[in-house]
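Right, one structure below, let's go through it.
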Amino acid sequence: MTKGLTPSQTVGPFYFGTLVTAYRQDLAPPNVAGERVEIVLSLHDAEGVAVPDGVFEIWQANSHGRYNHPDDRRNLPLDAGFEGFGRVSTWRDGSSRFSTVKPGRVPWPGGGMQAPHVNVSIFARGLLNRLATRLYFDGDPANAEDPVLQMIEPARRATLLAKRDGKGAWFLPIHLGGPNETVFFDC
Amino acid sequence: MVKEIYRRAAAGTHPANLSEGYKSTPGRAPRRPAVVLPHTLSEITGPLLASERLDALENDLTRQRMGPPLGERIIVHGRVLDEDGKPVPRALVEIWQCNAAGRYHHPGDQHDAPLDPNFYGGGRARADEEGRYHFITIKPGAYPWKNHYNAWRPAHIHFSLFGPAFATRLITQMYFPNDPLLPFDPIYNSVPEGARHRLQAAFDLDSTRPEWALAYRFDIVLRGRNATPME
């Protein structure tokens, strides 16, 4: 190592312009294969108050379980027009909505497969570092054998499980603190 | 298979989530330690945004409106590198900043300083094969904030980098060398002392364009890969 890593700083409250004009809410054009899903994330502080000045980013595999990235060299189809990246700032109620397809399963190092999941980055005023978490789909049978979920104490696993919100969307509240603090990852 | 594809940040690099002095952190900083994930395809891949097309003027924040913005025109350039000094080719670099008077073009910014109709404050650049990026902008002003009595943010430019993987995502701020406000800024000082100086750009006379604009150099260093092959 010859260079010192650049330290992180907060996104602050004024991430307009590039960050917001380059947002992507709809990840999957109509031709993309897979089960259509709506994902709603919402951001809450330690008191449960909505965070209206945050940014969510998501990164996911396509429905075949393939990431659109040169380091995923597996012989699985890529979907034209599907990069797998989304970015939306939070509304007044702390929520952000994404339209996408449900990701397929991706392998676990050393054997086995991970359950379908979406990788989530969180930025906000007051967050000096990017927070990373994962969204899993509650009720997916693969969750029972997912190595990441198994790493987490059972009482906290639910913080990663999105549930159907009654209108068909997958809803996952992200709690930055408090009794329901979300599991965040050092990735 | 190696489970650490990208090196973990050394202690003393990033701020603590809970940072005394920055008053927005107590209500928002997670208290439980992050769960360390082995590196799977989910972490070692990430958005390269290769299909994102940039207009020719996106890296020139002084030519995005009808006329030139007020303030001191500057060149901000540097390289996107990894810890081994290797370039991160074609990295997308996003910046945003306030105007010369210290006001953001943002409805949430109510600071009593003028907006400049000729300055929006957002820009993007695509690094070249050697990781070099280049912006033309105006020097942002200092501005007050309500963190504590007589609190002022030093002049800064926000930077957003994706790097090659989900694991390398970074948002940071670039400061100007020897800004007298730096010792008093809780956000800058949230970074451990030994690493803080990395957020200060260097004045760059060699890249300064005579009769036109001063230059500042800011290299951004993202996480490097372990030397061991993946499989």
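Here's how to read the names in the structure tokens: chain A, B, ... by the order shown, residue numbers from 1 in each chain, ligand numbers from 1 in the order shown.
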
Worksheet item: Contacts of region 175-180 of chain A at 8 Å or less, counting only C-alpha atoms, minus same-chain residues fewer than 5 places along, as JSON, numbers by chain?
Response: {"A": [43, 44, 45, 46, 47, 48, 156, 159], "B": [27, 28, 29, 30, 31]}

Practice prompt. Could you find all residues in chain B that DSSP calls alpha helix (DSSP H) from the backbone, and write them as an NGL selection string?
Written response: :B and (41-44 or 193-196)

Just-selected residues, N, CA and C atoms written as an mmCIF file, in the first residue's frame:
data_model
loop_
_atom_site.group_PDB
_atom_site.id
_atom_site.type_symbol
_atom_site.label_atom_id
_atom_site.label_comp_id
_atom_site.auth_asym_id
_atom_site.auth_seq_id
_atom_site.Cartn_x
_atom_site.Cartn_y
_atom_site.Cartn_z
ATOM 1 N N LEU B 41 -20.105 -11.725 -4.460
ATOM 2 C CA LEU B 41 -20.339 -10.964 -5.695
ATOM 3 C C LEU B 41 -21.117 -9.677 -5.413
ATOM 4 N N SER B 42 -21.948 -9.690 -4.383
ATOM 5 C CA SER B 42 -22.739 -8.490 -4.083
ATOM 6 C C SER B 42 -21.867 -7.315 -3.669
ATOM 7 N N GLU B 43 -20.744 -7.607 -3.030
ATOM 8 C CA GLU B 43 -19.882 -6.528 -2.547
ATOM 9 C C GLU B 43 -18.799 -6.149 -3.546
ATOM 10 N N ILE B 44 -18.359 -7.118 -4.354
ATOM 11 C CA ILE B 44 -17.230 -6.814 -5.262
ATOM 12 C C ILE B 44 -17.686 -6.316 -6.629
ATOM 13 N N GLU B 193 -7.115 12.417 13.203
ATOM 14 C CA GLU B 193 -6.105 13.439 12.937
ATOM 15 C C GLU B 193 -5.102 13.051 11.854
ATOM 16 N N GLY B 194 -4.682 11.806 11.853
ATOM 17 C CA GLY B 194 -3.656 11.391 10.895
ATOM 18 C C GLY B 194 -4.138 11.323 9.452
ATOM 19 N N ALA B 195 -5.458 11.366 9.242
ATOM 20 C CA ALA B 195 -5.996 11.202 7.885
ATOM 21 C C ALA B 195 -6.660 12.462 7.347
ATOM 22 N N ARG B 196 -6.928 13.409 8.250
ATOM 23 C CA ARG B 196 -7.653 14.626 7.872
ATOM 24 C C ARG B 196 -7.046 15.390 6.701
#

Item to complete: Determine, counting only C-alpha atoms, which protein, DNA and RNA residues have an atom within 12 Å of an atom of Gln150 (chain A); residues of the same chain fewer than 6 positions away are not included. Present the result as a PyMOL selection string.
Response: (chain A and resi 114-115+142-144+156-158+160) or (chain B and resi 35+37)

Worksheet entry | Test item: residues at most 8 Å from region 105-111 of chain B, only C-alpha atoms, excluding those fewer than 4 positions along its chain, as an MDAnalysis selection string | (chainID A and resid 13:14 16) or (chainID B and resid 98:99 115 119:121 143:144)

How would the residues just chosen look if you wrote them out with N, CA and C atoms as a short mmCIF file (atom, residue, chain, number, x, y, z; two decimals), in the first residue's frame?
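Written file, selection.cif:
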data_model
loop_
_atom_site.label_atom_id
_atom_site.label_comp_id
_atom_site.auth_asym_id
_atom_site.auth_seq_id
_atom_site.Cartn_x
_atom_site.Cartn_y
_atom_site.Cartn_z
N PRO A 13 -26.97 18.23 3.65
CA PRO A 13 -28.38 18.37 3.28
C PRO A 13 -28.62 18.88 1.86
N PHE A 14 -27.56 19.26 1.15
CA PHE A 14 -27.75 20.00 -0.11
C PHE A 14 -27.24 19.25 -1.33
N PHE A 16 -28.13 18.39 -4.07
CA PHE A 16 -29.06 18.57 -5.19
C PHE A 16 -28.29 18.30 -6.48
N CYS B 98 -21.65 25.07 -2.98
CA CYS B 98 -22.36 26.35 -2.93
C CYS B 98 -21.67 27.35 -3.85
N ASN B 99 -22.28 28.52 -4.01
CA ASN B 99 -21.69 29.55 -4.88
C ASN B 99 -20.62 30.37 -4.13
N LEU B 115 -28.20 34.28 -4.16
CA LEU B 115 -28.09 33.23 -5.16
C LEU B 115 -27.48 33.85 -6.41
N PHE B 119 -25.05 30.28 -11.53
CA PHE B 119 -24.32 29.18 -10.90
C PHE B 119 -25.29 28.21 -10.26
N TYR B 120 -25.22 26.99 -10.74
CA TYR B 120 -26.06 25.93 -10.23
C TYR B 120 -25.30 25.11 -9.18
N GLY B 121 -24.08 24.73 -9.49
CA GLY B 121 -23.24 24.12 -8.46
C GLY B 121 -23.09 22.62 -8.53
N TYR B 143 -19.86 29.41 4.76
CA TYR B 143 -21.23 29.77 5.16
C TYR B 143 -21.49 29.34 6.60
N PRO B 144 -22.40 30.06 7.25
CA PRO B 144 -22.72 29.70 8.64
C PRO B 144 -23.70 28.53 8.69
#

Item to complete: Name the residues in contact with Ala227 (chain B) at a cut-off of 10 Å, using only C-alpha atoms, excluding same-chain residues fewer than 4 positions from it; report them as a ChimeraX atom specification.
Response: /B:5-7

Quick one: write out the picked residues with N, CA and C atoms as a compact mmCIF listing (two decimals), in the first residue's frame?
# COMPACT_ATOMS: atom_id res chain seq x y z
N ILE B 5 -11.74 -9.41 -0.69
CA ILE B 5 -11.25 -9.00 -1.99
C ILE B 5 -10.73 -7.56 -1.90
N TYR B 6 -11.50 -6.69 -1.29
CA TYR B 6 -11.07 -5.31 -1.07
C TYR B 6 -10.60 -5.17 0.37
N ARG B 7 -9.49 -4.47 0.56
CA ARG B 7 -8.95 -4.30 1.90
C ARG B 7 -9.89 -3.46 2.76

Under the rule of at most 8 Å, produce a per-residue listing of chain A near chain B: chain, number, name, the closest pair of atoms, and the distance in Å, as a tab-separated table, using only C-alpha atoms.
residue	atom	partner	partner_atom	distance
A:Met1	CA	B:Asp84	CA	4.9
A:Thr2	CA	B:Asp84	CA	5.3
A:Lys3	CA	B:Glu83	CA	4.6
A:Gly4	CA	B:Glu83	CA	6.3
A:Leu5	CA	B:Val221	CA	5.0
A:Thr6	CA	B:Val221	CA	5.1
A:Pro7	CA	B:His14	CA	4.8
A:Ser8	CA	B:Thr172	CA	4.8
A:Gln9	CA	B:Thr172	CA	4.3
A:Thr10	CA	B:Thr172	CA	6.5
A:Val11	CA	B:Ile171	CA	6.4
A:Pro13	CA	B:Gly108	CA	7.8
A:Phe14	CA	B:His106	CA	6.3
A:Tyr15	CA	B:Trp96	CA	6.8
A:Phe16	CA	B:His106	CA	6.7
A:Gly17	CA	B:Gly122	CA	5.0
A:Thr18	CA	B:Gly122	CA	5.3
A:Leu19	CA	B:Glu94	CA	7.4
A:Asp45	CA	B:Arg28	CA	5.1
A:Ala46	CA	B:Gly27	CA	5.3
A:Glu47	CA	B:Gly27	CA	7.2
A:Trp59	CA	B:Gly46	CA	6.7
A:Gln60	CA	B:Ser42	CA	7.4
A:Ala61	CA	B:Ser42	CA	7.9
A:Tyr67	CA	B:Thr45	CA	7.0
A:Asn68	CA	B:Pro47	CA	7.9
A:His69	CA	B:Thr45	CA	5.8
A:Pro70	CA	B:Thr45	CA	7.8
A:Asp71	CA	B:Thr45	CA	6.3
A:Asp72	CA	B:Leu41	CA	6.8
A:Glu83	CA	B:Pro47	CA	7.2
A:Gly84	CA	B:Pro47	CA	7.4
A:Phe85	CA	B:Pro47	CA	6.0
A:Val106	CA	B:Leu41	CA	7.2
A:Pro107	CA	B:Leu41	CA	7.4
A:Trp108	CA	B:Thr40	CA	6.2
A:Pro109	CA	B:Thr40	CA	6.2
A:Gly110	CA	B:Met1	CA	6.3
A:Asn119	CA	B:Ser42	CA	7.1
A:Arg125	CA	B:Ser24	CA	6.9
A:Gly126	CA	B:Ser24	CA	4.4
A:Leu127	CA	B:Ala29	CA	6.3
A:Leu128	CA	B:Asn17	CA	5.8
A:Asn129	CA	B:Asn17	CA	6.5
A:Arg130	CA	B:Leu170	CA	7.1
A:Val148	CA	B:Leu37	CA	7.6
A:Ile152	CA	B:Val35	CA	7.9
A:Leu176	CA	B:Pro30	CA	5.2
A:Gly177	CA	B:Pro30	CA	5.1
A:Glu181	CA	B:Pro30	CA	7.1
A:Val183	CA	B:Ala34	CA	7.0
A:Phe184	CA	B:Ala34	CA	5.0
A:Phe185	CA	B:Val35	CA	4.6
A:Asp186	CA	B:Val36	CA	4.6
A:Cys187	CA	B:Leu37	CA	5.2

Discussion item. Env of Glu35 (chain A): 12 Å cut, atoms = only C-alpha atoms, seq-sep filter 3 positions within chain, self excluded. Answer as a list in words.
Written reply: Ala28, Pro30, Asn31, Val32, Glu38, Asn62, Ser63, His64, Ser99, Thr100, Val101, Lys102, Pro103 and Gly104 of chain A

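You will find CA of Pro29 (chain A) at 17.3 Å from CA of Gly65 (chain A).
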
Worksheet entry | Polymer residues at most 6 Å from region 128-141 of chain B, only C-alpha atoms, same-chain spacing of 3 or more positions, as a PyMOL selection string | chain B and resi 59-62+71-80+87-90+98-102+155
